[in-house]
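Enquirer: Pasting in a structure now, in structure tokens, and then I'll have a few things to ask.
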Amino acid sequence: MAAAGASLALLHFGFPLAYYAYLTRRRDLGVEAGPSYTPRVDVVLPTYMEAGKIASKLDEIYGQDYPRDKLRVIVVDGASPDGTAEAAERWAEAHRDMRVSVVREPARRGKGSALNDALRLADGEVVVVADADARWIGRSALRRAVSYLADPAVGAVTCVKSAERAGPAGAESAYRRFYDEVRIAESAVHSTPIFHGELAAFRRSLVESFPLDVGADDSWTALSIALRGYRAVAAPDVECVEAVPARGYFRWRVRRAQHLLQAFAKALPRIRGAPPRLRPVLAAEAHLHLLNPWLLAAGVALLAAAAALGSAPAALLLAAGAAATALRPYRAWMVMQAALMAAALRNLRSRELVWRKDEK
Ligand code: GDD
Ligand code: MN
């Protein structure tokens, strides 16, 4: 029993390490970015309860070095009771030199349907989805992101991220650094299946609609584009800052994990038809999200049972595992495993497609 438990734990840790080794040294995206490529762009800002943030987000877009006559912003507000739509309208009144449309949904219906409302209005070649409460770094973020779409092989582009608040015990920033590296390496192989709502740019002709059954609208849309053979890449020179909630950190992580699991569960059955270079990435990420956490849980359960029955090596392994939580990356990894398992269980009850707005 102790040996079986140890083997499962070894598999759990060995798998991501092997995947990391496979990805390492892959950095060159092999994309022909066109810095002067400036097609017409619709920037979509879905909003719910963003009265305090919408004006500065619009300022940030206004300050971008993208040609303003090629730019249009579509704010879709989900009937926020805090005056978000009014704040956006006031901003638009005061900045008539940028095209801004404010759509008011009659009721809150979730981010996905807000994006679809915007898509019906969008008329540019590129649609960029952005969270209203997250920041882009620098004035060139939009132009750089769009420049990757100059390459006809690329269908979707996302940013890399840093966290505003470090998260409990630095967990958030510790795992972010590692995550960005993986996103870029996957993009170099073919595509990264994990996109970021802070900035997700899509070739509009490839987006028929945004999903209403998957919370991770960004990742699913990128995956569906990659499954059709176009590349979905993370741009190393496009950085976003995400806002991490002040309270309820774990609950927030669980909800986002729920949404990502939904995207992988929907993509996995289509893996046979995927472009060959995407297959190992999709298989590995689906495994890491859907299955790998449970190997750890099973391993720990077996080791605990063995230790209870008097196995000294099992007790020693468990103690070592507990002691290792002193290391930040290890602790961040454990938090993620717990979030993924909690997410899988919660998905059985509710998909959380309309979620609590956290204070950030
Ligand atoms: N119109 C509309 N209706 N907008 C909404 C709704 C809604 O019901 N719910 C959320 N939004 C807006 C928010 O105002 C924000 O601009 C954006 O959608 C993201 O929502 P947040 O509540 O800020 O979620 P987050 O910061 O955790 O977002 C991350 O995870 C989500 C999936 O769990 C981002 O990556 C999102 O893009 C992603 O969808
Ligand atoms: Mn947010």
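Scheme for the structure tokens: letters A, B, ... for chains in order shown; per-chain residue numbers from 1; ligand numbers from 1 in order shown.
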Enumerate as a PyMOL selection string the residues within 8 Å of ligand 2, counting only C-alpha atoms and all ligand atoms.
Expert: chain A and resi 131-134+242-244+357-358+360
Enquirer: Emit the selected residues as a compact mmCIF listing (two decimals), in the first residue's frame, including N, CA, C and O atoms.
Expert:
```txt
# COMPACT_ATOMS: atom_id res chain seq x y z
N ASP A 131 -11.14 42.37 -19.70
CA ASP A 131 -11.81 42.59 -18.42
C ASP A 131 -11.71 44.06 -18.08
O ASP A 131 -10.64 44.67 -18.20
N ALA A 132 -12.81 44.62 -17.61
CA ALA A 132 -12.82 46.05 -17.30
C ALA A 132 -11.98 46.36 -16.06
O ALA A 132 -11.51 47.49 -15.89
N ASP A 133 -11.76 45.38 -15.20
CA ASP A 133 -11.06 45.65 -13.94
C ASP A 133 -9.59 45.23 -13.97
O ASP A 133 -8.94 45.17 -12.94
N ALA A 134 -9.08 44.93 -15.16
CA ALA A 134 -7.67 44.53 -15.26
C ALA A 134 -6.92 45.57 -16.09
O ALA A 134 -7.53 46.28 -16.89
N GLU A 242 -3.53 41.44 -13.60
CA GLU A 242 -4.87 41.05 -13.18
C GLU A 242 -5.09 41.46 -11.74
O GLU A 242 -4.15 41.51 -10.95
N ALA A 243 -6.33 41.79 -11.44
CA ALA A 243 -6.65 42.17 -10.07
C ALA A 243 -7.02 40.91 -9.30
O ALA A 243 -7.85 40.13 -9.74
N VAL A 244 -6.35 40.70 -8.19
CA VAL A 244 -6.62 39.54 -7.34
C VAL A 244 -7.51 40.01 -6.19
O VAL A 244 -7.24 41.04 -5.59
N LYS A 357 -19.41 38.96 -8.03
CA LYS A 357 -18.38 39.95 -8.38
C LYS A 357 -17.54 40.21 -7.14
O LYS A 357 -18.02 40.71 -6.14
N ASP A 358 -16.25 39.87 -7.24
CA ASP A 358 -15.36 40.04 -6.09
C ASP A 358 -14.87 41.48 -6.01
O ASP A 358 -14.70 42.15 -7.02
N LYS A 360 -11.92 43.95 -5.61
CA LYS A 360 -10.48 43.81 -5.89
C LYS A 360 -9.74 45.11 -5.59
O LYS A 360 -10.35 46.13 -5.47
```
Enquirer: Quick one: residues within 10 Å of Tyr19 (chain A), only C-alpha atoms counted, chain neighbours fewer than 6 positions away excluded, as a tab-separated table (two decimals) with C-alpha atoms, in the first residue's frame?
Expert:
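Full text of selection_25.tsv as output:
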```tsv
chain	number	residue	atom	x	y	z
A	182	VAL	CA	4.68	27.49	-19.95
A	280	PRO	CA	0.50	16.76	-26.96
A	281	VAL	CA	-0.17	20.20	-25.48
A	284	ALA	CA	-0.92	17.28	-21.24
A	285	GLU	CA	-2.93	20.27	-20.08
A	288	LEU	CA	-2.81	18.26	-15.57
```
Enquirer: Kindly compile the residues surrounding ligand 1 within 7 Å, counting only C-alpha atoms and all ligand atoms, and format them as a JSON list (two decimals) with C-alpha atoms, in the first residue's frame.
Expert:
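See out.json below for the written result:
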```json
[["chain", "number", "residue", "atom", "x", "y", "z"],
["A", 45, "LEU", "CA", -15.51, 45.39, -22.36],
["A", 46, "PRO", "CA", -18.12, 43.29, -20.57],
["A", 47, "THR", "CA", -19.03, 44.95, -17.30],
["A", 48, "TYR", "CA", -20.85, 44.07, -14.15],
["A", 49, "MET", "CA", -20.40, 46.39, -11.17],
["A", 50, "GLU", "CA", -17.43, 48.28, -12.58],
["A", 76, "VAL", "CA", -21.74, 45.69, -22.63],
["A", 77, "ASP", "CA", -23.15, 46.21, -19.20],
["A", 78, "GLY", "CA", -25.12, 43.49, -17.47],
["A", 108, "ARG", "CA", -27.49, 40.31, -15.88],
["A", 109, "ARG", "CA", -27.02, 37.19, -17.99],
["A", 110, "GLY", "CA", -23.34, 36.33, -17.56],
["A", 111, "LYS", "CA", -20.22, 37.35, -19.40],
["A", 114, "ALA", "CA", -22.58, 39.97, -23.03],
["A", 130, "ALA", "CA", -10.78, 42.71, -22.07],
["A", 131, "ASP", "CA", -11.81, 42.59, -18.42],
["A", 132, "ALA", "CA", -12.82, 46.05, -17.30],
["A", 133, "ASP", "CA", -11.06, 45.65, -13.94],
["A", 196, "HIS", "CA", -6.53, 35.39, -20.39],
["A", 197, "GLY", "CA", -9.63, 37.55, -20.22],
["A", 198, "GLU", "CA", -7.46, 40.56, -19.46],
["A", 215, "GLY", "CA", -17.19, 29.83, -18.14],
["A", 216, "ALA", "CA", -13.69, 30.23, -19.57],
["A", 217, "ASP", "CA", -14.96, 31.95, -22.71],
["A", 218, "ASP", "CA", -11.43, 33.15, -23.53],
["A", 243, "ALA", "CA", -6.65, 42.17, -10.07],
["A", 252, "TRP", "CA", -12.08, 32.84, -6.60],
["A", 255, "ARG", "CA", -14.47, 29.37, -9.70],
["A", 256, "ARG", "CA", -11.83, 30.08, -12.33],
["A", 259, "HIS", "CA", -14.42, 27.41, -15.85],
["A", 354, "VAL", "CA", -22.93, 33.91, -13.56],
["A", 355, "TRP", "CA", -20.64, 34.54, -10.66],
["A", 356, "ARG", "CA", -20.19, 36.70, -7.62],
["A", 357, "LYS", "CA", -18.38, 39.95, -8.38],
["A", 358, "ASP", "CA", -15.36, 40.04, -6.09]]
```
Enquirer: Counting only C-alpha atoms, which residue out of A:Arg99, A:Arg346, A:His289, A:Arg177 sits closest to Phe15 (chain A)?
Expert: A:His289
Enquirer: Which polymer residues have any atom within 8 Å of an atom of Arg27 (chain A), counting only C-alpha atoms, with same-chain residues fewer than 3 positions away left out, as a list in words?
Expert: Thr24, Ile184, Ala185 and Ala188 of chain A
Enquirer: Can you list, as a list in words, every protein, DNA or RNA residue that comes within 9 Å of Phe264 (chain A) when you count only C-alpha atoms, leaving out same-chain residues fewer than 6 positions away?
Expert: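 Near neighbours after the sequence-gap exclusion: Pro193, Ser219, Trp220, Leu223, Leu282, Glu285, Ala286, His289 and Leu290 of chain A.
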Enquirer: Store the residues picked out above, limited to N, CA and C atoms, as a compact mmCIF listing (two decimals), in the first residue's frame.
Expert:
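Result saved to out.txt:
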```txt
# COMPACT_ATOMS: atom_id res chain seq x y z
N PRO A 193 -3.53 26.44 -24.71
CA PRO A 193 -4.97 26.29 -24.52
C PRO A 193 -5.51 27.22 -23.43
N SER A 219 -10.48 30.97 -23.00
CA SER A 219 -9.73 29.75 -23.30
C SER A 219 -10.48 28.86 -24.29
N TRP A 220 -11.79 28.74 -24.12
CA TRP A 220 -12.54 27.90 -25.06
C TRP A 220 -12.48 28.46 -26.47
N LEU A 223 -9.16 27.72 -27.87
CA LEU A 223 -9.05 26.30 -28.17
C LEU A 223 -9.81 25.93 -29.43
N LEU A 282 -2.53 19.79 -25.72
CA LEU A 282 -3.90 19.66 -25.23
C LEU A 282 -4.01 18.45 -24.29
N GLU A 285 -2.21 19.31 -20.91
CA GLU A 285 -2.93 20.27 -20.08
C GLU A 285 -4.25 19.69 -19.57
N ALA A 286 -4.91 18.93 -20.42
CA ALA A 286 -6.16 18.31 -19.97
C ALA A 286 -5.85 17.35 -18.82
N HIS A 289 -5.03 19.24 -15.58
CA HIS A 289 -6.18 19.88 -14.93
C HIS A 289 -7.22 18.88 -14.45
N LEU A 290 -7.49 17.88 -15.28
CA LEU A 290 -8.63 17.02 -14.97
C LEU A 290 -8.25 15.83 -14.08
```
Enquirer: Compile the contact shell of Arg96 (chain A) as a PyMOL selection string: residues with an atom at most 12 Å away, counting only C-alpha atoms, same-chain residues fewer than 3 positions apart removed.
Expert: chain A and resi 62+68-69+72+89-93+99-101
